[in-house]
Amino acid sequence: MLIQRGGLKVVAGLGISGVAAVNFLHDQGYRVAVTDSRAVPPGHDQIPAEVQTSFGKLDQDLLLSAEEIVISPGLDPKLPEIQAAIAKGIPVVSEIQILRRSTDKPIVAITGSNAKSTVTTLIGLMAKDAGKKVAVGGNLGRPALDLTKDDPELYVLELSSFQLETTSNLNAEVAVVLNMSEDHLDRHGDMLGYHTAKHRIFQGVKKVVFNRDDSLTRPLVPDTTPMQSFGLNAPDMNQFGILKDNDGTIWLARGRERLLKSSDMYIQGTHNVANALACLALGEAIGLPIDSMLETLKNFKGLEHRCEFVKEVNGVRYYNDSKGTNIGATLAAIDGLGMAIEAKGGKVVIILGGQGKGQDFTALRDSLSKYAKVAVLLGVDRPIIEKAIEGTTTLLHAKTLEQAVELCQKNTQPEDVVLLSPACASFDMFAGGYAERGRKFVAYVNALN
């Protein structure tokens with residue numbers, strides 16, 4: 001579909017994706033303007049001088065003069081300035097929509113409440129190792145429109161619900177919603193609104209991958225659409241899942257065929273087994289050779305701050321899951337590691353706490369009761385968390401993350417794991433967010449002996 005180059009394109013919201021959108025549209029020969037509510041928005045110095053700018057507030061007059069508005073994912077389309085433009089019939093689209101319109105190359109599209117970044121990175125590596133010229137980004141790393149500079153033969157995109165709510169007919173080669181748990185309800189209103197936004201990823205999709213263990217990930221698509229599933233159970237013929245030997249060995253499998261022992265991967269925990277299976281399903285959909293994918297899987301060490309293996313100290317393994325800033329992510333980590341060490345009598349010692357974002361922490365009770373021997377609580381919402389989970393396991397308090405790590409070491413024995421997966425944001429204690437929290441945790445663990 002060609003775009004007319006006459007009308008004005010207004011980018012609403014700057015930042016990393018807004019800058020990429022401005023520069024891409026300008027390079028394509030469009031008339032471009034940008035508006036942002038911030039007086040000095042990030043990236044304002046990275047756009048061409050001839051682009052019209054209006055900063056300090058969203059410029060209603062500028063928006064109403066647009067042929068099309070390209071909205072940054074951080075801006076809510078329900079803002080009155082955007083709604084006024086919609087009421088006038090002005091299209092409001094995401095930068096993902098602009099990308100789709102600008103290329104005929106296949107897109108692997110990935111979303112979900114958790115594990116998006118791990119799966120996006122891993123399938124990107126699988127494609128690269130298989131010899132594909134691939135560009136990886138979107139909600140992760142490089143913005144989608146920046147990837148066009150690579151002239152790839154394949155795009156692998158992590159997509160957030162914020163990006164998807166203003167994207168139509170993505171027509172992905174293959175798409176997946178990895179999982180669904182409560183998140184961003186302050187933006188989407190309720191779980192239905194969140195689900196609806198996520199499932200826009202399937203509009204026009206050619207092939208579907210879905211999670212058999214989460215019914216909310218299966219889309220309503222035409223019966224003729226090829227569908228492939230993954231799950232943490234024995235798979236039907238041609239599906240991906242796990243098979244267990246009598247000695248407890250877990251195999252990644254396709255139908256009855258055993259492909260790889262889970263213990264042969266660096267990334268551990270059943271949630272990472274699910275991530276690996278999702279990647280195998282996605283890779284199969286775009287024709288990647290299975291042997292090449294399995295080789296990539298064996299060498300993949302995971303992402304920083306996402307259930308990242310740090311170190312083993314006296315038979316106890318330490319994992320940094322500082323990116324676990326919501327309950328769904330933390331549940332995946334507890335259950336994944338807990339199930340993996342259960343057979344050897346190991347237990348989880350977890351560090352929880354920070355800014356709770358109004359979540360209901362009682363959702364952690366069952367998993368803590370089953371897999372955790374100790375939970376060390378810290379941060380501003382510690383009292384709320386303690387009240388929600390008391391009676392599940394031994395609860396200890398720490399004033400600092402360093403003290404929390406020391407308490408974990410004192411309360412573990414060989415085969416246990418120590419898990420930083422706070423289920424909370426971190427700005428009450430760390431100005432640098434989850435990344436700073438994770439780096440500090442890694443430093444404290446490395447100082448143990």
# chains A, B, ... in the order shown; residues from 1 in each chain; ligands from 1
call {"tool": "residues_around", "arguments": {"residues": "Asp27 of chain A", "least_positions_apart": "3", "cutoff": "12 Å", "atoms": "only C-alpha atoms", "output": "list in words"}}
result
Arg5, Ala20, Ala21, Val22, Asn23, Phe24, Tyr30, Arg31, Val32, Ile47, Pro48, Glu50, Val51, Leu145, Asp146, Thr148 and Lys149 of chain A
call {"tool": "write_last_selection", "arguments": {"atoms": "N, CA and C atoms", "output": "CSV table (one decimal), in the first residue's frame"}}
result
chain,number,residue,atom,x,y,z
A,5,ARG,N,2.3,11.3,-0.3
A,5,ARG,CA,3.4,12.1,0.3
A,5,ARG,C,3.0,13.6,0.5
A,20,ALA,N,12.6,7.6,15.9
A,20,ALA,CA,12.8,6.7,14.7
A,20,ALA,C,11.7,7.0,13.7
A,21,ALA,N,10.4,7.3,14.2
A,21,ALA,CA,9.3,7.5,13.3
A,21,ALA,C,9.5,8.8,12.5
A,22,VAL,N,9.9,9.9,13.2
A,22,VAL,CA,10.2,11.2,12.6
A,22,VAL,C,11.2,11.0,11.5
A,23,ASN,N,12.4,10.4,11.8
A,23,ASN,CA,13.5,10.3,10.9
A,23,ASN,C,13.1,9.4,9.7
A,24,PHE,N,12.4,8.3,9.9
A,24,PHE,CA,11.9,7.5,8.8
A,24,PHE,C,11.0,8.2,7.9
A,30,TYR,N,8.1,12.6,3.4
A,30,TYR,CA,6.8,13.2,3.9
A,30,TYR,C,7.1,14.5,4.6
A,31,ARG,N,6.0,15.3,4.7
A,31,ARG,CA,6.1,16.5,5.6
A,31,ARG,C,5.8,16.0,7.0
A,32,VAL,N,6.7,16.3,7.9
A,32,VAL,CA,6.6,15.8,9.2
A,32,VAL,C,6.6,16.9,10.3
A,47,ILE,N,16.5,14.9,15.6
A,47,ILE,CA,15.6,14.9,14.5
A,47,ILE,C,16.0,16.1,13.6
A,48,PRO,N,15.7,16.0,12.3
A,48,PRO,CA,16.1,17.0,11.3
A,48,PRO,C,15.6,18.4,11.7
A,50,GLU,N,14.5,20.7,9.9
A,50,GLU,CA,13.4,21.3,9.1
A,50,GLU,C,12.0,20.7,9.6
A,51,VAL,N,12.1,19.7,10.5
A,51,VAL,CA,10.8,19.1,11.1
A,51,VAL,C,10.2,20.1,12.1
A,145,LEU,N,11.1,1.0,13.2
A,145,LEU,CA,11.4,1.7,12.0
A,145,LEU,C,12.9,1.9,11.8
A,146,ASP,N,13.6,1.8,12.9
A,146,ASP,CA,15.1,1.9,12.7
A,146,ASP,C,15.6,0.7,12.1
A,148,THR,N,14.6,-0.9,9.5
A,148,THR,CA,14.5,-0.8,8.1
A,148,THR,C,15.9,-0.5,7.4
A,149,LYS,N,16.7,0.2,8.2
A,149,LYS,CA,18.1,0.5,7.7
A,149,LYS,C,18.9,-0.7,7.3
call {"tool": "residues_around", "arguments": {"residues": "Pro80 of chain A", "least_positions_apart": "2", "cutoff": "12 Å", "atoms": "only C-alpha atoms", "output": "ChimeraX atom specification"}}
result
/A:58-60,63-64,75-78,82-87
call {"tool": "residues_around", "arguments": {"residues": "Asp335 of chain A", "least_positions_apart": "3", "cutoff": "10 Å", "atoms": "only C-alpha atoms", "output": "PyMOL selection string"}}
result
chain A and resi 269-271+330-332+338-340+348+366-368+370-372
call {"tool": "closest_atom_pairs", "arguments": {"of": "segment 220-321 of chain A", "to": "segment 410-426 of chain A", "cutoff": "7 Å", "atoms": "only C-alpha atoms", "output": "CSV"}}
result
residue,atom,partner,partner_atom,distance
A:Asn314,CA,A:Pro414,CA,6.5
A:Gly315,CA,A:Pro414,CA,4.2
A:Val316,CA,A:Pro414,CA,5.1
A:Arg317,CA,A:Val417,CA,4.8
A:Tyr318,CA,A:Val418,CA,4.7
A:Tyr319,CA,A:Leu419,CA,4.9
A:Asn320,CA,A:Leu420,CA,5.2
A:Asp321,CA,A:Ser421,CA,4.8
call {"tool": "atom_distance", "arguments": {"atom1": "atom CA of Lys440 of chain A", "atom2": "atom CA of Gln355 of chain A"}}
result
17.5 Å
call {"tool": "closest_atom_pairs", "arguments": {"of": "segment 220-328 of chain A", "to": "segment 129-136 of chain A", "cutoff": "12 Å", "atoms": "only C-alpha atoms", "output": "JSON lines"}}
result
{"residue": "A:Gly283", "atom": "CA", "partner": "A:Ala130", "partner_atom": "CA", "distance": 9.9}
{"residue": "A:Glu284", "atom": "CA", "partner": "A:Ala130", "partner_atom": "CA", "distance": 11.8}
{"residue": "A:Ile286", "atom": "CA", "partner": "A:Lys132", "partner_atom": "CA", "distance": 10.5}
{"residue": "A:Gly287", "atom": "CA", "partner": "A:Ala130", "partner_atom": "CA", "distance": 9.7}
{"residue": "A:Leu288", "atom": "CA", "partner": "A:Ala130", "partner_atom": "CA", "distance": 6.5}
{"residue": "A:Pro289", "atom": "CA", "partner": "A:Ala130", "partner_atom": "CA", "distance": 7.2}
{"residue": "A:Ile290", "atom": "CA", "partner": "A:Ala130", "partner_atom": "CA", "distance": 9.6}
{"residue": "A:Asp291", "atom": "CA", "partner": "A:Ala130", "partner_atom": "CA", "distance": 9.5}
{"residue": "A:Ser292", "atom": "CA", "partner": "A:Ala130", "partner_atom": "CA", "distance": 6.1}
{"residue": "A:Met293", "atom": "CA", "partner": "A:Ala130", "partner_atom": "CA", "distance": 7.5}
{"residue": "A:Leu294", "atom": "CA", "partner": "A:Asp129", "partner_atom": "CA", "distance": 10.6}
{"residue": "A:Glu295", "atom": "CA", "partner": "A:Asp129", "partner_atom": "CA", "distance": 8.9}
{"residue": "A:Thr296", "atom": "CA", "partner": "A:Asp129", "partner_atom": "CA", "distance": 7.0}
{"residue": "A:Leu297", "atom": "CA", "partner": "A:Asp129", "partner_atom": "CA", "distance": 10.6}
{"residue": "A:Asn299", "atom": "CA", "partner": "A:Asp129", "partner_atom": "CA", "distance": 11.1}
{"residue": "A:Phe300", "atom": "CA", "partner": "A:Asp129", "partner_atom": "CA", "distance": 11.5}
call {"tool": "select_by_dssp", "arguments": {"residues": "segment 68-268 of chain A", "states": "strand (DSSP E or B)", "output": "count of residues only"}}
result
49
call {"tool": "closest_residue", "arguments": {"among": "A:Ala285, A:Ile69, A:Ile350, A:Val209", "to": "Thr166 of chain A", "atoms": "only C-alpha atoms"}}
result
A:Ile69
call {"tool": "decode", "arguments": {"residues": "segment 39-78 of chain A", "atoms": "N, CA and C atoms", "output": "PDB file, in the first residue's frame"}}
result
ATOM      1  N   ALA A  39       8.610  19.661  27.824  1.00  0.00           N
ATOM      2  CA  ALA A  39       9.254  20.851  27.258  1.00  0.00           C
ATOM      3  C   ALA A  39      10.549  20.492  26.535  1.00  0.00           C
ATOM      4  N   VAL A  40      11.273  19.525  27.092  1.00  0.00           N
ATOM      5  CA  VAL A  40      12.521  19.076  26.461  1.00  0.00           C
ATOM      6  C   VAL A  40      12.461  17.545  26.367  1.00  0.00           C
ATOM      7  N   PRO A  41      11.747  17.020  25.386  1.00  0.00           N
ATOM      8  CA  PRO A  41      11.569  15.563  25.310  1.00  0.00           C
ATOM      9  C   PRO A  41      12.864  14.857  24.915  1.00  0.00           C
ATOM     10  N   PRO A  42      13.066  13.633  25.418  1.00  0.00           N
ATOM     11  CA  PRO A  42      14.261  12.878  25.031  1.00  0.00           C
ATOM     12  C   PRO A  42      14.290  12.632  23.530  1.00  0.00           C
ATOM     13  N   GLY A  43      15.457  12.876  22.915  1.00  0.00           N
ATOM     14  CA  GLY A  43      15.608  12.672  21.485  1.00  0.00           C
ATOM     15  C   GLY A  43      15.320  13.904  20.646  1.00  0.00           C
ATOM     16  N   HIS A  44      14.985  15.041  21.291  1.00  0.00           N
ATOM     17  CA  HIS A  44      14.651  16.256  20.527  1.00  0.00           C
ATOM     18  C   HIS A  44      15.820  16.734  19.664  1.00  0.00           C
ATOM     19  N   ASP A  45      17.043  16.368  20.053  1.00  0.00           N
ATOM     20  CA  ASP A  45      18.235  16.804  19.329  1.00  0.00           C
ATOM     21  C   ASP A  45      18.647  15.811  18.228  1.00  0.00           C
ATOM     22  N   GLN A  46      17.810  14.769  18.019  1.00  0.00           N
ATOM     23  CA  GLN A  46      18.162  13.728  17.036  1.00  0.00           C
ATOM     24  C   GLN A  46      17.247  13.756  15.816  1.00  0.00           C
ATOM     25  N   ILE A  47      16.502  14.856  15.643  1.00  0.00           N
ATOM     26  CA  ILE A  47      15.577  14.933  14.511  1.00  0.00           C
ATOM     27  C   ILE A  47      16.002  16.068  13.582  1.00  0.00           C
ATOM     28  N   PRO A  48      15.665  15.990  12.286  1.00  0.00           N
ATOM     29  CA  PRO A  48      16.114  17.009  11.326  1.00  0.00           C
ATOM     30  C   PRO A  48      15.600  18.400  11.686  1.00  0.00           C
ATOM     31  N   ALA A  49      16.410  19.392  11.392  1.00  0.00           N
ATOM     32  CA  ALA A  49      16.081  20.777  11.763  1.00  0.00           C
ATOM     33  C   ALA A  49      14.804  21.261  11.077  1.00  0.00           C
ATOM     34  N   GLU A  50      14.521  20.750   9.874  1.00  0.00           N
ATOM     35  CA  GLU A  50      13.352  21.251   9.141  1.00  0.00           C
ATOM     36  C   GLU A  50      12.024  20.654   9.619  1.00  0.00           C
ATOM     37  N   VAL A  51      12.076  19.698  10.539  1.00  0.00           N
ATOM     38  CA  VAL A  51      10.846  19.127  11.095  1.00  0.00           C
ATOM     39  C   VAL A  51      10.232  20.116  12.090  1.00  0.00           C
ATOM     40  N   GLN A  52       8.957  20.420  11.881  1.00  0.00           N
ATOM     41  CA  GLN A  52       8.253  21.345  12.783  1.00  0.00           C
ATOM     42  C   GLN A  52       8.079  20.699  14.149  1.00  0.00           C
ATOM     43  N   THR A  53       8.382  21.436  15.222  1.00  0.00           N
ATOM     44  CA  THR A  53       8.248  20.898  16.579  1.00  0.00           C
ATOM     45  C   THR A  53       7.340  21.790  17.415  1.00  0.00           C
ATOM     46  N   SER A  54       6.606  21.144  18.329  1.00  0.00           N
ATOM     47  CA  SER A  54       5.781  21.876  19.288  1.00  0.00           C
ATOM     48  C   SER A  54       5.838  21.123  20.615  1.00  0.00           C
ATOM     49  N   PHE A  55       6.644  21.624  21.532  1.00  0.00           N
ATOM     50  CA  PHE A  55       6.889  20.942  22.804  1.00  0.00           C
ATOM     51  C   PHE A  55       6.297  21.729  23.967  1.00  0.00           C
ATOM     52  N   GLY A  56       6.101  21.031  25.091  1.00  0.00           N
ATOM     53  CA  GLY A  56       5.573  21.664  26.304  1.00  0.00           C
ATOM     54  C   GLY A  56       4.130  21.291  26.565  1.00  0.00           C
ATOM     55  N   LYS A  57       3.417  20.939  25.507  1.00  0.00           N
ATOM     56  CA  LYS A  57       2.065  20.386  25.619  1.00  0.00           C
ATOM     57  C   LYS A  57       1.747  19.717  24.293  1.00  0.00           C
ATOM     58  N   LEU A  58       0.784  18.792  24.309  1.00  0.00           N
ATOM     59  CA  LEU A  58       0.341  18.206  23.043  1.00  0.00           C
ATOM     60  C   LEU A  58      -0.404  19.284  22.269  1.00  0.00           C
ATOM     61  N   ASP A  59       0.065  19.616  21.095  1.00  0.00           N
ATOM     62  CA  ASP A  59      -0.460  20.737  20.305  1.00  0.00           C
ATOM     63  C   ASP A  59      -1.734  20.303  19.578  1.00  0.00           C
ATOM     64  N   GLN A  60      -2.872  20.724  20.128  1.00  0.00           N
ATOM     65  CA  GLN A  60      -4.162  20.320  19.569  1.00  0.00           C
ATOM     66  C   GLN A  60      -4.335  20.781  18.128  1.00  0.00           C
ATOM     67  N   ASP A  61      -3.953  22.024  17.842  1.00  0.00           N
ATOM     68  CA  ASP A  61      -4.118  22.554  16.482  1.00  0.00           C
ATOM     69  C   ASP A  61      -3.267  21.771  15.487  1.00  0.00           C
ATOM     70  N   LEU A  62      -2.054  21.436  15.896  1.00  0.00           N
ATOM     71  CA  LEU A  62      -1.158  20.682  15.021  1.00  0.00           C
ATOM     72  C   LEU A  62      -1.727  19.292  14.750  1.00  0.00           C
ATOM     73  N   LEU A  63      -2.219  18.642  15.795  1.00  0.00           N
ATOM     74  CA  LEU A  63      -2.803  17.306  15.637  1.00  0.00           C
ATOM     75  C   LEU A  63      -4.011  17.335  14.707  1.00  0.00           C
ATOM     76  N   LEU A  64      -4.819  18.379  14.815  1.00  0.00           N
ATOM     77  CA  LEU A  64      -6.026  18.471  13.990  1.00  0.00           C
ATOM     78  C   LEU A  64      -5.712  18.828  12.536  1.00  0.00           C
ATOM     79  N   SER A  65      -4.484  19.260  12.273  1.00  0.00           N
ATOM     80  CA  SER A  65      -4.093  19.575  10.896  1.00  0.00           C
ATOM     81  C   SER A  65      -3.412  18.392  10.209  1.00  0.00           C
ATOM     82  N   ALA A  66      -3.305  17.264  10.927  1.00  0.00           N
ATOM     83  CA  ALA A  66      -2.584  16.105  10.398  1.00  0.00           C
ATOM     84  C   ALA A  66      -3.423  15.317   9.395  1.00  0.00           C
ATOM     85  N   GLU A  67      -2.747  14.744   8.406  1.00  0.00           N
ATOM     86  CA  GLU A  67      -3.361  13.723   7.555  1.00  0.00           C
ATOM     87  C   GLU A  67      -3.405  12.401   8.323  1.00  0.00           C
ATOM     88  N   GLU A  68      -2.380  12.199   9.164  1.00  0.00           N
ATOM     89  CA  GLU A  68      -2.249  10.969   9.941  1.00  0.00           C
ATOM     90  C   GLU A  68      -1.384  11.276  11.164  1.00  0.00           C
ATOM     91  N   ILE A  69      -1.753  10.669  12.287  1.00  0.00           N
ATOM     92  CA  ILE A  69      -0.978  10.827  13.523  1.00  0.00           C
ATOM     93  C   ILE A  69      -0.286   9.506  13.829  1.00  0.00           C
ATOM     94  N   VAL A  70       1.014   9.568  14.064  1.00  0.00           N
ATOM     95  CA  VAL A  70       1.778   8.397  14.479  1.00  0.00           C
ATOM     96  C   VAL A  70       2.034   8.555  15.976  1.00  0.00           C
ATOM     97  N   ILE A  71       1.374   7.718  16.773  1.00  0.00           N
ATOM     98  CA  ILE A  71       1.390   7.898  18.224  1.00  0.00           C
ATOM     99  C   ILE A  71       2.445   6.997  18.863  1.00  0.00           C
ATOM    100  N   SER A  72       3.219   7.558  19.761  1.00  0.00           N
ATOM    101  CA  SER A  72       4.206   6.766  20.481  1.00  0.00           C
ATOM    102  C   SER A  72       3.503   5.868  21.498  1.00  0.00           C
ATOM    103  N   PRO A  73       4.073   4.674  21.761  1.00  0.00           N
ATOM    104  CA  PRO A  73       3.373   3.724  22.634  1.00  0.00           C
ATOM    105  C   PRO A  73       3.143   4.233  24.055  1.00  0.00           C
ATOM    106  N   GLY A  74       3.967   5.164  24.509  1.00  0.00           N
ATOM    107  CA  GLY A  74       3.782   5.693  25.865  1.00  0.00           C
ATOM    108  C   GLY A  74       2.584   6.610  26.010  1.00  0.00           C
ATOM    109  N   LEU A  75       2.009   7.055  24.898  1.00  0.00           N
ATOM    110  CA  LEU A  75       0.850   7.958  24.947  1.00  0.00           C
ATOM    111  C   LEU A  75      -0.441   7.160  24.839  1.00  0.00           C
ATOM    112  N   ASP A  76      -1.373   7.440  25.721  1.00  0.00           N
ATOM    113  CA  ASP A  76      -2.660   6.754  25.721  1.00  0.00           C
ATOM    114  C   ASP A  76      -3.565   7.369  24.642  1.00  0.00           C
ATOM    115  N   PRO A  77      -4.077   6.551  23.716  1.00  0.00           N
ATOM    116  CA  PRO A  77      -4.985   7.099  22.692  1.00  0.00           C
ATOM    117  C   PRO A  77      -6.244   7.739  23.272  1.00  0.00           C
ATOM    118  N   LYS A  78      -6.530   7.459  24.550  1.00  0.00           N
ATOM    119  CA  LYS A  78      -7.727   8.043  25.166  1.00  0.00           C
ATOM    120  C   LYS A  78      -7.509   9.495  25.608  1.00  0.00           C
TER     121      LYS A  78
END
